[in-house]
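Engineer: What follows is the file protein-v2.txt, containing compact mmCIF, C-alpha atoms:
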```
# COMPACT_ATOMS: atom_id res chain seq x y z
CA MET A 63 -2.07 20.12 -74.77
CA LEU A 64 -3.54 23.24 -76.35
CA LEU A 65 -6.17 21.14 -78.07
CA GLN A 66 -7.15 19.55 -74.77
CA MET A 67 -7.46 22.94 -73.11
CA ALA A 68 -9.58 24.25 -75.98
CA LEU A 69 -11.92 21.28 -75.78
CA PHE A 70 -12.21 21.71 -72.02
CA HIS A 71 -13.11 25.38 -72.27
CA SER A 72 -15.57 24.77 -75.09
CA PHE A 73 -17.37 22.12 -73.06
CA PHE A 74 -17.33 24.25 -69.93
CA PHE A 75 -18.88 27.31 -71.58
CA PHE A 76 -21.36 25.19 -73.50
CA PHE A 77 -22.55 23.64 -70.27
CA PHE A 78 -23.02 26.88 -68.37
CA PHE A 79 -24.60 28.87 -71.15
CA ALA A 80 -26.50 26.21 -73.07
CA VAL A 81 -27.88 23.92 -70.37
CA ARG A 82 -31.49 24.78 -69.67
CA GLY A 83 -34.29 22.87 -68.03
CA PRO A 84 -35.32 21.72 -64.57
CA LEU A 85 -32.72 21.70 -61.84
CA THR A 86 -31.46 18.27 -60.93
CA VAL A 87 -29.13 17.48 -58.09
CA ALA A 88 -27.48 14.50 -56.52
CA ALA A 89 -28.77 13.26 -53.22
CA SER A 90 -25.28 12.97 -51.75
CA PRO A 91 -21.67 12.81 -52.91
CA VAL A 92 -21.34 9.04 -52.94
CA ALA A 93 -20.21 6.84 -55.78
CA GLU A 94 -23.17 4.44 -55.52
CA HIS A 95 -25.87 7.10 -55.15
CA ARG A 96 -27.47 8.03 -58.49
CA LEU A 97 -29.25 11.21 -59.31
CA ARG A 98 -32.77 11.90 -58.19
CA MET A 99 -34.80 14.76 -59.56
CA ARG A 100 -38.37 15.66 -58.76
CA ARG A 101 -40.08 18.79 -59.93
CA LEU A 102 -43.02 20.11 -57.97
CA SER A 103 -46.11 19.75 -60.10
CA GLY A 104 -47.51 22.85 -61.67
CA HIS A 105 -44.76 25.41 -61.15
CA GLY A 106 -41.35 23.80 -61.44
CA SER A 107 -40.06 24.98 -58.07
CA TRP A 108 -36.37 24.73 -57.28
CA ALA A 109 -37.20 23.83 -53.72
CA GLN A 110 -37.81 20.08 -54.08
CA PRO A 111 -34.45 19.38 -55.77
CA LEU A 112 -32.86 21.53 -53.09
CA ARG A 113 -34.38 19.30 -50.45
CA ASP A 114 -33.23 16.19 -52.32
CA MET A 115 -29.70 17.41 -52.57
CA TRP A 116 -29.35 17.69 -48.83
CA ASP A 117 -30.85 14.30 -48.04
CA LEU A 118 -28.33 12.28 -46.07
CA PRO A 119 -27.17 8.89 -47.40
CA ARG A 120 -29.36 5.92 -46.60
CA PRO A 121 -27.94 3.16 -44.38
CA GLY A 122 -25.35 1.29 -46.37
CA HIS A 123 -24.67 4.30 -48.60
CA GLU A 124 -22.06 6.14 -46.61
CA PRO A 125 -20.15 9.04 -48.19
CA VAL A 126 -16.88 8.20 -49.87
CA SER A 127 -13.86 10.38 -50.36
CA PRO A 128 -12.88 11.71 -53.78
CA ALA A 129 -9.87 9.41 -53.72
CA SER A 130 -11.96 6.29 -53.23
CA ALA A 131 -14.55 7.31 -55.83
CA GLY A 132 -12.45 7.02 -58.94
CA GLY A 133 -9.17 8.29 -57.59
CA LEU A 134 -10.01 11.99 -57.96
CA SER A 135 -8.45 14.52 -55.63
CA THR A 136 -8.71 18.28 -55.53
CA THR A 137 -5.16 18.54 -54.20
CA ALA A 138 -3.67 16.78 -57.23
CA PRO A 139 -1.14 14.50 -55.54
CA PRO A 140 1.64 13.01 -57.68
CA GLY A 141 0.22 11.01 -60.54
CA LYS A 142 -3.22 12.62 -60.44
CA PRO A 143 -4.55 14.74 -63.34
CA TYR A 144 -4.11 18.46 -62.91
CA PHE A 145 -7.45 19.28 -64.54
CA ILE A 146 -9.18 18.07 -61.36
CA VAL A 147 -7.57 20.98 -59.52
CA VAL A 148 -8.84 23.30 -62.26
CA TYR A 149 -12.36 21.95 -61.84
CA ALA A 150 -12.22 22.37 -58.07
CA GLU A 151 -10.96 25.93 -58.39
CA ILE A 152 -13.72 26.83 -60.84
CA PHE A 153 -16.37 25.22 -58.65
CA SER A 154 -15.28 27.38 -55.72
CA PHE A 155 -16.59 30.46 -57.58
CA LEU A 156 -20.02 29.07 -58.48
CA ASP A 157 -23.32 30.08 -56.90
CA ILE A 158 -25.74 27.67 -55.26
CA VAL A 159 -27.90 27.09 -58.34
CA THR A 160 -24.96 26.43 -60.64
CA LEU A 161 -23.41 24.02 -58.16
CA CYS A 162 -26.69 22.15 -58.07
CA ARG A 163 -26.64 21.91 -61.86
CA CYS A 164 -23.08 20.62 -61.82
CA ALA A 165 -23.98 17.83 -59.43
CA GLN A 166 -26.05 16.13 -62.15
CA ILE A 167 -23.22 15.58 -64.63
CA SER A 168 -21.30 12.65 -63.18
CA LYS A 169 -20.15 11.01 -59.98
CA ALA A 170 -16.91 12.96 -60.08
CA TRP A 171 -18.67 16.29 -60.61
CA ASN A 172 -21.17 15.38 -57.91
CA ILE A 173 -18.32 14.94 -55.45
CA LEU A 174 -16.65 18.18 -56.48
CA ALA A 175 -19.85 20.23 -56.53
CA LEU A 176 -21.09 19.05 -53.15
CA ASP A 177 -17.75 19.28 -51.41
CA GLY A 178 -18.23 21.26 -48.20
CA SER A 179 -15.52 23.75 -49.11
CA ASN A 180 -17.76 25.04 -51.95
CA TRP A 181 -20.59 25.76 -49.55
CA GLN A 182 -19.00 28.30 -47.26
CA ARG A 183 -21.63 30.90 -48.17
CA ILE A 184 -25.28 29.99 -48.72
CA ASP A 185 -28.20 32.32 -49.38
CA LEU A 186 -31.62 30.64 -49.40
CA PHE A 187 -33.66 33.81 -49.88
CA ASN A 188 -34.77 32.74 -53.37
CA PHE A 189 -36.18 29.53 -51.88
CA GLN A 190 -37.65 31.19 -48.80
CA THR A 191 -41.26 30.07 -49.14
CA ASP A 192 -40.33 26.43 -49.55
CA VAL A 193 -37.39 25.97 -47.19
CA GLU A 194 -38.27 23.86 -44.18
CA GLY A 195 -36.33 23.01 -41.05
CA ARG A 196 -35.16 19.71 -42.51
CA VAL A 197 -33.32 21.51 -45.29
CA VAL A 198 -31.38 23.62 -42.78
CA GLU A 199 -30.53 20.58 -40.68
CA ASN A 200 -29.21 18.63 -43.65
CA ILE A 201 -27.24 21.60 -44.94
CA SER A 202 -25.57 21.89 -41.56
CA LYS A 203 -24.71 18.18 -41.50
CA ARG A 204 -23.21 18.37 -44.98
CA CYS A 205 -21.29 21.63 -44.63
CA GLY A 206 -20.26 21.34 -41.00
CA GLY A 207 -17.29 23.48 -40.12
CA PHE A 208 -16.89 24.79 -43.67
CA LEU A 209 -19.95 27.03 -43.49
CA ARG A 210 -19.12 30.65 -42.69
CA LYS A 211 -22.13 32.57 -43.98
CA LEU A 212 -25.81 31.58 -44.12
CA SER A 213 -28.82 33.69 -45.02
CA LEU A 214 -32.28 32.37 -44.13
CA ARG A 215 -33.91 35.73 -44.73
CA GLY A 216 -37.65 35.27 -45.12
CA CYS A 217 -37.59 31.53 -44.38
CA ILE A 218 -40.64 31.53 -42.14
CA GLY A 219 -40.74 27.73 -41.99
CA VAL A 220 -37.49 27.48 -40.03
CA GLY A 221 -37.77 27.18 -36.24
CA ASP A 222 -35.75 26.63 -33.08
CA SER A 223 -35.22 22.89 -33.43
CA SER A 224 -33.55 23.04 -36.84
CA LEU A 225 -31.42 26.00 -35.82
CA LYS A 226 -30.23 24.12 -32.77
CA THR A 227 -29.01 21.33 -35.04
CA PHE A 228 -27.45 23.96 -37.29
CA ALA A 229 -25.60 25.58 -34.39
CA GLN A 230 -24.25 22.25 -33.20
CA ASN A 231 -22.88 21.34 -36.63
CA CYS A 232 -21.69 24.70 -37.97
CA ARG A 233 -19.57 26.06 -35.16
CA ASN A 234 -17.43 28.22 -37.43
CA ILE A 235 -20.37 30.29 -38.65
CA GLU A 236 -19.53 34.00 -38.71
CA HIS A 237 -22.43 35.60 -40.57
CA LEU A 238 -26.04 34.55 -39.92
CA ASN A 239 -29.13 36.27 -41.29
CA LEU A 240 -32.44 35.26 -39.68
CA ASN A 241 -34.38 38.30 -40.87
CA GLY A 242 -38.08 37.47 -40.89
CA CYS A 243 -37.73 33.99 -39.35
CA THR A 244 -40.71 34.68 -37.15
CA LYS A 245 -40.89 31.21 -35.60
CA ILE A 246 -37.63 31.46 -33.72
CA THR A 247 -37.52 32.31 -30.02
CA ASP A 248 -34.93 32.78 -27.30
CA SER A 249 -34.07 29.09 -27.69
CA THR A 250 -32.27 29.78 -30.97
CA CYS A 251 -30.14 32.46 -29.36
CA TYR A 252 -29.24 30.09 -26.53
CA SER A 253 -28.04 27.56 -29.12
CA LEU A 254 -25.98 30.17 -30.96
CA SER A 255 -24.47 31.31 -27.68
CA ARG A 256 -23.50 27.79 -26.72
CA PHE A 257 -22.03 26.57 -30.00
CA CYS A 258 -21.22 29.56 -32.27
CA SER A 259 -18.58 31.57 -30.46
CA LYS A 260 -17.10 32.89 -33.73
CA LEU A 261 -20.29 34.68 -34.76
CA LYS A 262 -19.61 38.25 -35.92
CA HIS A 263 -22.76 39.25 -37.80
CA LEU A 264 -26.29 38.42 -36.64
CA ASP A 265 -29.55 39.73 -38.11
CA LEU A 266 -32.69 39.10 -36.04
CA THR A 267 -34.92 41.64 -37.77
CA SER A 268 -38.63 41.05 -37.08
CA CYS A 269 -37.96 38.03 -34.86
CA VAL A 270 -40.67 39.35 -32.58
CA SER A 271 -40.42 36.57 -29.96
CA ILE A 272 -36.87 37.55 -29.04
CA THR A 273 -36.59 38.93 -25.50
CA ASN A 274 -33.91 40.23 -23.15
CA SER A 275 -32.96 36.63 -22.36
CA SER A 276 -31.64 36.22 -25.89
CA LEU A 277 -29.36 39.21 -25.51
CA LYS A 278 -28.02 37.88 -22.23
CA GLY A 279 -27.21 34.56 -23.91
CA ILE A 280 -25.56 36.22 -26.91
CA SER A 281 -23.40 38.38 -24.66
CA GLU A 282 -22.09 35.31 -22.84
CA GLY A 283 -21.28 33.14 -25.84
CA CYS A 284 -20.79 35.43 -28.85
CA ARG A 285 -18.28 37.95 -27.59
CA HIS A 286 -16.79 38.58 -31.04
CA LEU A 287 -20.06 40.00 -32.35
CA GLU A 288 -19.57 43.15 -34.45
CA TYR A 289 -22.97 43.59 -36.10
CA LEU A 290 -26.38 43.01 -34.53
CA ASN A 291 -29.75 43.91 -36.03
CA LEU A 292 -32.66 43.82 -33.57
CA SER A 293 -35.04 45.93 -35.63
CA TRP A 294 -38.70 45.51 -34.69
CA CYS A 295 -37.87 43.18 -31.79
CA ASP A 296 -40.16 45.25 -29.63
CA GLN A 297 -39.80 43.19 -26.44
CA ILE A 298 -36.23 44.41 -25.94
CA THR A 299 -35.71 46.83 -23.05
CA LYS A 300 -32.80 48.63 -21.42
CA ASP A 301 -32.01 45.53 -19.34
CA GLY A 302 -31.41 43.48 -22.45
CA ILE A 303 -29.21 46.18 -23.97
CA GLU A 304 -27.16 46.37 -20.79
CA ALA A 305 -26.60 42.60 -20.78
CA LEU A 306 -25.66 42.67 -24.46
CA VAL A 307 -23.09 45.45 -24.37
CA ARG A 308 -21.38 44.17 -21.24
CA GLY A 309 -20.34 41.05 -23.12
CA CYS A 310 -20.13 42.30 -26.74
CA ARG A 311 -17.90 45.32 -26.36
CA GLY A 312 -16.60 45.10 -29.91
CA LEU A 313 -19.95 45.98 -31.50
CA ARG A 314 -19.51 48.26 -34.48
CA ALA A 315 -23.08 48.32 -35.76
CA LEU A 316 -26.25 48.13 -33.67
CA LEU A 317 -29.66 48.48 -35.33
CA LEU A 318 -32.59 49.05 -32.98
CA ARG A 319 -35.31 50.31 -35.31
CA GLY A 320 -38.76 49.95 -33.84
CA CYS A 321 -37.54 48.87 -30.39
CA THR A 322 -40.13 51.15 -28.89
CA GLN A 323 -39.47 50.28 -25.24
CA LEU A 324 -35.93 51.66 -25.28
CA GLU A 325 -35.24 54.81 -23.28
CA ASP A 326 -32.26 57.03 -22.56
CA GLU A 327 -30.89 54.61 -19.99
CA ALA A 328 -30.33 52.01 -22.70
CA LEU A 329 -28.18 54.51 -24.58
CA LYS A 330 -26.19 55.17 -21.42
CA HIS A 331 -25.20 51.49 -21.34
CA ILE A 332 -24.13 51.69 -24.99
CA GLN A 333 -22.04 54.74 -24.17
CA ASN A 334 -20.26 52.93 -21.35
CA TYR A 335 -19.23 49.81 -23.24
CA CYS A 336 -19.39 50.25 -27.04
CA HIS A 337 -16.58 52.65 -27.79
CA GLU A 338 -15.94 51.04 -31.21
CA LEU A 339 -19.49 51.74 -32.40
CA VAL A 340 -19.62 53.12 -35.94
CA SER A 341 -23.30 52.75 -36.86
CA LEU A 342 -26.40 53.15 -34.67
CA ASN A 343 -30.02 53.08 -35.79
CA LEU A 344 -32.69 54.34 -33.38
CA GLN A 345 -35.48 54.89 -35.89
CA SER A 346 -38.90 55.15 -34.22
CA CYS A 347 -37.44 54.79 -30.71
CA SER A 348 -39.84 57.52 -29.67
CA ARG A 349 -38.90 57.52 -25.97
CA VAL A 350 -35.34 58.63 -26.66
CA THR A 351 -34.58 62.25 -25.76
CA ASP A 352 -31.64 64.65 -26.02
CA GLU A 353 -30.17 63.17 -22.86
CA GLY A 354 -29.69 59.77 -24.47
CA VAL A 355 -28.23 61.14 -27.69
CA VAL A 356 -25.78 63.32 -25.76
CA GLN A 357 -24.58 60.27 -23.84
CA ILE A 358 -24.05 58.31 -27.05
CA CYS A 359 -22.06 61.14 -28.58
CA ARG A 360 -19.80 61.46 -25.55
CA GLY A 361 -18.95 57.75 -25.49
CA CYS A 362 -18.93 56.82 -29.18
CA HIS A 363 -16.60 59.29 -30.90
CA ARG A 364 -16.11 57.02 -33.92
CA LEU A 365 -19.76 57.21 -34.93
CA GLN A 366 -20.17 57.51 -38.70
CA ALA A 367 -23.85 56.69 -39.25
CA LEU A 368 -26.74 57.64 -36.99
CA CYS A 369 -30.47 57.28 -37.63
CA LEU A 370 -32.78 59.29 -35.37
CA SER A 371 -35.80 59.41 -37.68
CA GLY A 372 -39.05 59.38 -35.77
CA CYS A 373 -37.44 60.40 -32.47
CA GLY A 374 -39.75 63.35 -32.14
CA ASN A 375 -38.50 64.58 -28.74
CA LEU A 376 -35.08 65.68 -29.98
CA THR A 377 -33.94 69.29 -30.16
CA ASP A 378 -30.81 71.17 -31.23
CA ALA A 379 -29.07 69.87 -28.10
CA SER A 380 -28.63 66.54 -29.90
CA LEU A 381 -27.15 68.22 -32.97
CA THR A 382 -24.78 70.19 -30.77
CA ALA A 383 -23.55 67.00 -29.10
CA LEU A 384 -22.98 65.40 -32.51
CA ALA A 385 -21.10 68.44 -33.76
CA LEU A 386 -18.77 68.57 -30.76
CA ASN A 387 -18.11 64.86 -30.30
CA CYS A 388 -18.54 62.99 -33.61
CA PRO A 389 -16.41 64.68 -36.31
CA ARG A 390 -16.38 61.50 -38.46
CA LEU A 391 -20.14 61.50 -38.98
CA GLN A 392 -21.05 60.65 -42.59
CA ILE A 393 -24.74 59.75 -42.46
CA LEU A 394 -27.45 61.43 -40.41
CA GLU A 395 -31.12 60.56 -40.74
CA ALA A 396 -33.38 62.85 -38.74
CA ALA A 397 -36.69 62.69 -40.59
CA ARG A 398 -39.73 63.75 -38.58
CA CYS A 399 -37.62 65.40 -35.88
CA SER A 400 -39.70 68.54 -36.05
CA HIS A 401 -37.98 70.48 -33.24
CA LEU A 402 -34.58 70.75 -34.98
CA THR A 403 -33.66 74.22 -36.30
CA ASP A 404 -31.14 76.02 -38.49
CA ALA A 405 -28.96 76.80 -35.49
CA GLY A 406 -28.33 73.15 -34.74
CA PHE A 407 -27.60 72.21 -38.34
CA THR A 408 -25.30 75.20 -38.78
CA LEU A 409 -23.12 74.00 -35.91
CA LEU A 410 -23.23 70.45 -37.26
CA ALA A 411 -22.16 71.54 -40.74
CA ARG A 412 -19.24 73.56 -39.40
CA ASN A 413 -17.85 70.60 -37.45
CA CYS A 414 -18.77 67.47 -39.42
CA HIS A 415 -17.17 68.00 -42.81
CA ASP A 416 -17.42 64.34 -43.87
CA LEU A 417 -21.20 64.31 -44.13
CA GLU A 418 -22.32 62.42 -47.25
CA LYS A 419 -26.01 61.68 -46.73
CA MET A 420 -28.73 63.44 -44.74
CA ASP A 421 -32.45 62.85 -44.41
CA LEU A 422 -34.21 65.92 -43.01
CA GLU A 423 -37.73 65.30 -44.26
CA GLU A 424 -40.45 66.87 -42.13
CA CYS A 425 -37.95 68.95 -40.16
CA ILE A 426 -40.34 71.82 -40.60
CA LEU A 427 -38.35 74.52 -38.76
CA ILE A 428 -35.29 74.54 -41.01
CA THR A 429 -34.87 76.95 -43.91
CA ASP A 430 -32.51 77.67 -46.79
CA SER A 431 -29.96 78.78 -44.21
CA THR A 432 -29.24 75.13 -43.44
CA LEU A 433 -28.72 74.43 -47.13
CA ILE A 434 -26.26 77.28 -47.41
CA GLN A 435 -24.20 76.06 -44.45
CA LEU A 436 -24.14 72.50 -45.75
CA SER A 437 -23.05 73.67 -49.20
CA ILE A 438 -20.18 75.66 -47.70
CA HIS A 439 -18.84 73.24 -45.09
CA CYS A 440 -19.77 69.74 -46.35
CA PRO A 441 -18.19 69.24 -49.79
CA LYS A 442 -18.71 65.44 -49.67
CA LEU A 443 -22.48 65.70 -49.34
CA GLN A 444 -24.07 63.57 -52.07
CA ALA A 445 -27.66 62.97 -50.97
CA LEU A 446 -29.97 65.31 -49.11
CA LEU A 447 -33.67 64.86 -48.41
CA PHE A 448 -34.99 68.28 -47.46
CA PRO A 449 -38.47 69.46 -46.44
CA VAL A 450 -40.32 71.39 -49.11
```
Please lay out the structure from this file as structure tokens.
Structural biologist:
Amino acid sequence: MLLQMALFHSFFFFFFFAVRGPLTVAASPVAEHRLRMRRLSGHGSWAQPLRDMWDLPRPGHEPVSPASAGGLSTTAPPGKPYFIVVYAEIFSFLDIVTLCRCAQISKAWNILALDGSNWQRIDLFNFQTDVEGRVVENISKRCGGFLRKLSLRGCIGVGDSSLKTFAQNCRNIEHLNLNGCTKITDSTCYSLSRFCSKLKHLDLTSCVSITNSSLKGISEGCRHLEYLNLSWCDQITKDGIEALVRGCRGLRALLLRGCTQLEDEALKHIQNYCHELVSLNLQSCSRVTDEGVVQICRGCHRLQALCLSGCGNLTDASLTALALNCPRLQILEAARCSHLTDAGFTLLARNCHDLEKMDLEECILITDSTLIQLSIHCPKLQALLFPV
């Protein structure tokens, strides 16, 4: 028994540390389907094998279960070898590239590597320039309800049609990153609203075609949403924010960087409905004034991180509201808020003792007095960007 275990471990480590060369993957986990590997000419891209791996079986080559393909089972029923369970457990810890490598070894490994339970979290950022809609569609058909987390960050070739198919097939998705997927429109958000009710984390950064209609759809179908990033979605207005927060009252993080049409009234809606809010980013929302910040502070007492950089209309009234209403504040970014003074930061330091990070660059009216107050009252402060 010990000898068998030693041989197993030796083979395992040899494979993962010694195997080098072009990635090859199986087209699908079926006993009859042999490996296919094509390398893009000239640069050896990983993208083509990735596409091959997610090709669906041809007619007459339907997927087979582990039990019917050699009697292997990851649950190790009576009479089945225990080492299969060991393999399955190991495979569950592997990343996407290593799983692809494993799929080339044998039919049994192909089945284990491409089992949907191993593909609960997929990040395609490293393949971003080559990933097309067909890849996303086939991933969704393979993974189905297993998939919980998918990152398509930077995948500019992915559009509404493929994401509709994805939403229909992966209804248990909880974490979806569409940062930089510039082709998507409100249609994608409608699909997510209709089919992905368990969604908790959604990143739509730089999806510039997104409008208020998307937020209305999300609020109706994704009521468990906790994190939403709408940075640089500059078509969003107060009406969209109102629709969003009425339905998604459990939001804990809302990032609105570069949403330049937002005004104080949008913050009033956040105040009324998002009492669990912990993180808010209003960078470059230049129309926001003290009135909006005061409203946020009065309604969101659990606020721990606030970015106001580039909100040039703010004065010490905003700092006073933070000091009196948000004692848990840990991060404050107020770069380029040139009207803030020592008086406001003194009050903030005396009331917000948990401050850990502050960005005060280009706050030209503050002096060493602010530094003194922070050093006395904020012992947890670790990072401070200060005007010089």
Engineer: Within 12 Å of (-25.2, 62.4, -29.9) (file coordinates; all atoms listed in the file), which protein or nucleic acid residues are there? I'd like them as a PDB file with C-alpha atoms, in the frame of the given file.
Structural biologist:
```pdb
ATOM      1  CA  ASP A 326     -32.260  57.030 -22.560  1.00  0.00           C
ATOM      2  CA  LEU A 329     -28.180  54.510 -24.580  1.00  0.00           C
ATOM      3  CA  LYS A 330     -26.190  55.170 -21.420  1.00  0.00           C
ATOM      4  CA  ILE A 332     -24.130  51.690 -24.990  1.00  0.00           C
ATOM      5  CA  GLN A 333     -22.040  54.740 -24.170  1.00  0.00           C
ATOM      6  CA  LEU A 342     -26.400  53.150 -34.670  1.00  0.00           C
ATOM      7  CA  LEU A 344     -32.690  54.340 -33.380  1.00  0.00           C
ATOM      8  CA  VAL A 350     -35.340  58.630 -26.660  1.00  0.00           C
ATOM      9  CA  THR A 351     -34.580  62.250 -25.760  1.00  0.00           C
ATOM     10  CA  ASP A 352     -31.640  64.650 -26.020  1.00  0.00           C
ATOM     11  CA  GLU A 353     -30.170  63.170 -22.860  1.00  0.00           C
ATOM     12  CA  GLY A 354     -29.690  59.770 -24.470  1.00  0.00           C
ATOM     13  CA  VAL A 355     -28.230  61.140 -27.690  1.00  0.00           C
ATOM     14  CA  VAL A 356     -25.780  63.320 -25.760  1.00  0.00           C
ATOM     15  CA  GLN A 357     -24.580  60.270 -23.840  1.00  0.00           C
ATOM     16  CA  ILE A 358     -24.050  58.310 -27.050  1.00  0.00           C
ATOM     17  CA  CYS A 359     -22.060  61.140 -28.580  1.00  0.00           C
ATOM     18  CA  ARG A 360     -19.800  61.460 -25.550  1.00  0.00           C
ATOM     19  CA  GLY A 361     -18.950  57.750 -25.490  1.00  0.00           C
ATOM     20  CA  CYS A 362     -18.930  56.820 -29.180  1.00  0.00           C
ATOM     21  CA  HIS A 363     -16.600  59.290 -30.900  1.00  0.00           C
ATOM     22  CA  ARG A 364     -16.110  57.020 -33.920  1.00  0.00           C
ATOM     23  CA  LEU A 365     -19.760  57.210 -34.930  1.00  0.00           C
ATOM     24  CA  GLN A 366     -20.170  57.510 -38.700  1.00  0.00           C
ATOM     25  CA  ALA A 367     -23.850  56.690 -39.250  1.00  0.00           C
ATOM     26  CA  LEU A 368     -26.740  57.640 -36.990  1.00  0.00           C
ATOM     27  CA  CYS A 369     -30.470  57.280 -37.630  1.00  0.00           C
ATOM     28  CA  LEU A 370     -32.780  59.290 -35.370  1.00  0.00           C
ATOM     29  CA  LEU A 376     -35.080  65.680 -29.980  1.00  0.00           C
ATOM     30  CA  THR A 377     -33.940  69.290 -30.160  1.00  0.00           C
ATOM     31  CA  ASP A 378     -30.810  71.170 -31.230  1.00  0.00           C
ATOM     32  CA  ALA A 379     -29.070  69.870 -28.100  1.00  0.00           C
ATOM     33  CA  SER A 380     -28.630  66.540 -29.900  1.00  0.00           C
ATOM     34  CA  LEU A 381     -27.150  68.220 -32.970  1.00  0.00           C
ATOM     35  CA  THR A 382     -24.780  70.190 -30.770  1.00  0.00           C
ATOM     36  CA  ALA A 383     -23.550  67.000 -29.100  1.00  0.00           C
ATOM     37  CA  LEU A 384     -22.980  65.400 -32.510  1.00  0.00           C
ATOM     38  CA  ALA A 385     -21.100  68.440 -33.760  1.00  0.00           C
ATOM     39  CA  LEU A 386     -18.770  68.570 -30.760  1.00  0.00           C
ATOM     40  CA  ASN A 387     -18.110  64.860 -30.300  1.00  0.00           C
ATOM     41  CA  CYS A 388     -18.540  62.990 -33.610  1.00  0.00           C
ATOM     42  CA  PRO A 389     -16.410  64.680 -36.310  1.00  0.00           C
ATOM     43  CA  LEU A 391     -20.140  61.500 -38.980  1.00  0.00           C
ATOM     44  CA  LEU A 394     -27.450  61.430 -40.410  1.00  0.00           C
ATOM     45  CA  LEU A 410     -23.230  70.450 -37.260  1.00  0.00           C
TER      46      LEU A 410
END
```
Engineer: Work out how far CA of Phe208 in chain A is from CA of Asn234 in chain A, in Å to one decimal.
Structural biologist: 7.1 Å
Engineer: Give me, please, the distance in Å between CA of Met420 in chain A and CA of Ile393 in chain A, quoted to one decimal.
Structural biologist: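 Straight-line distance from CA of Met420 in chain A to CA of Ile393 in chain A works out to 5.9 Å.
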Engineer: As a JSON list (two decimals) with C-alpha atoms, in the coordinates of the input, please: the residues near Val270 in chain A (cut-off 7 Å, all atoms listed in the file, same-chain neighbours under 2 positions excluded).
Structural biologist:
```
[["chain", "number", "residue", "atom", "x", "y", "z"],
["A", 244, "THR", "CA", -40.71, 34.68, -37.15],
["A", 268, "SER", "CA", -38.63, 41.05, -37.08],
["A", 272, "ILE", "CA", -36.87, 37.55, -29.04],
["A", 294, "TRP", "CA", -38.70, 45.51, -34.69],
["A", 295, "CYS", "CA", -37.87, 43.18, -31.79],
["A", 296, "ASP", "CA", -40.16, 45.25, -29.63]]
```
Engineer: Could you please give me, as a count of residues only, the residues of protein, DNA or RNA lying at most 7 Å from (-18.6, 49.5, -36.9) in the coordinate frame of the file, considering all atoms listed in the file?
Structural biologist: 8
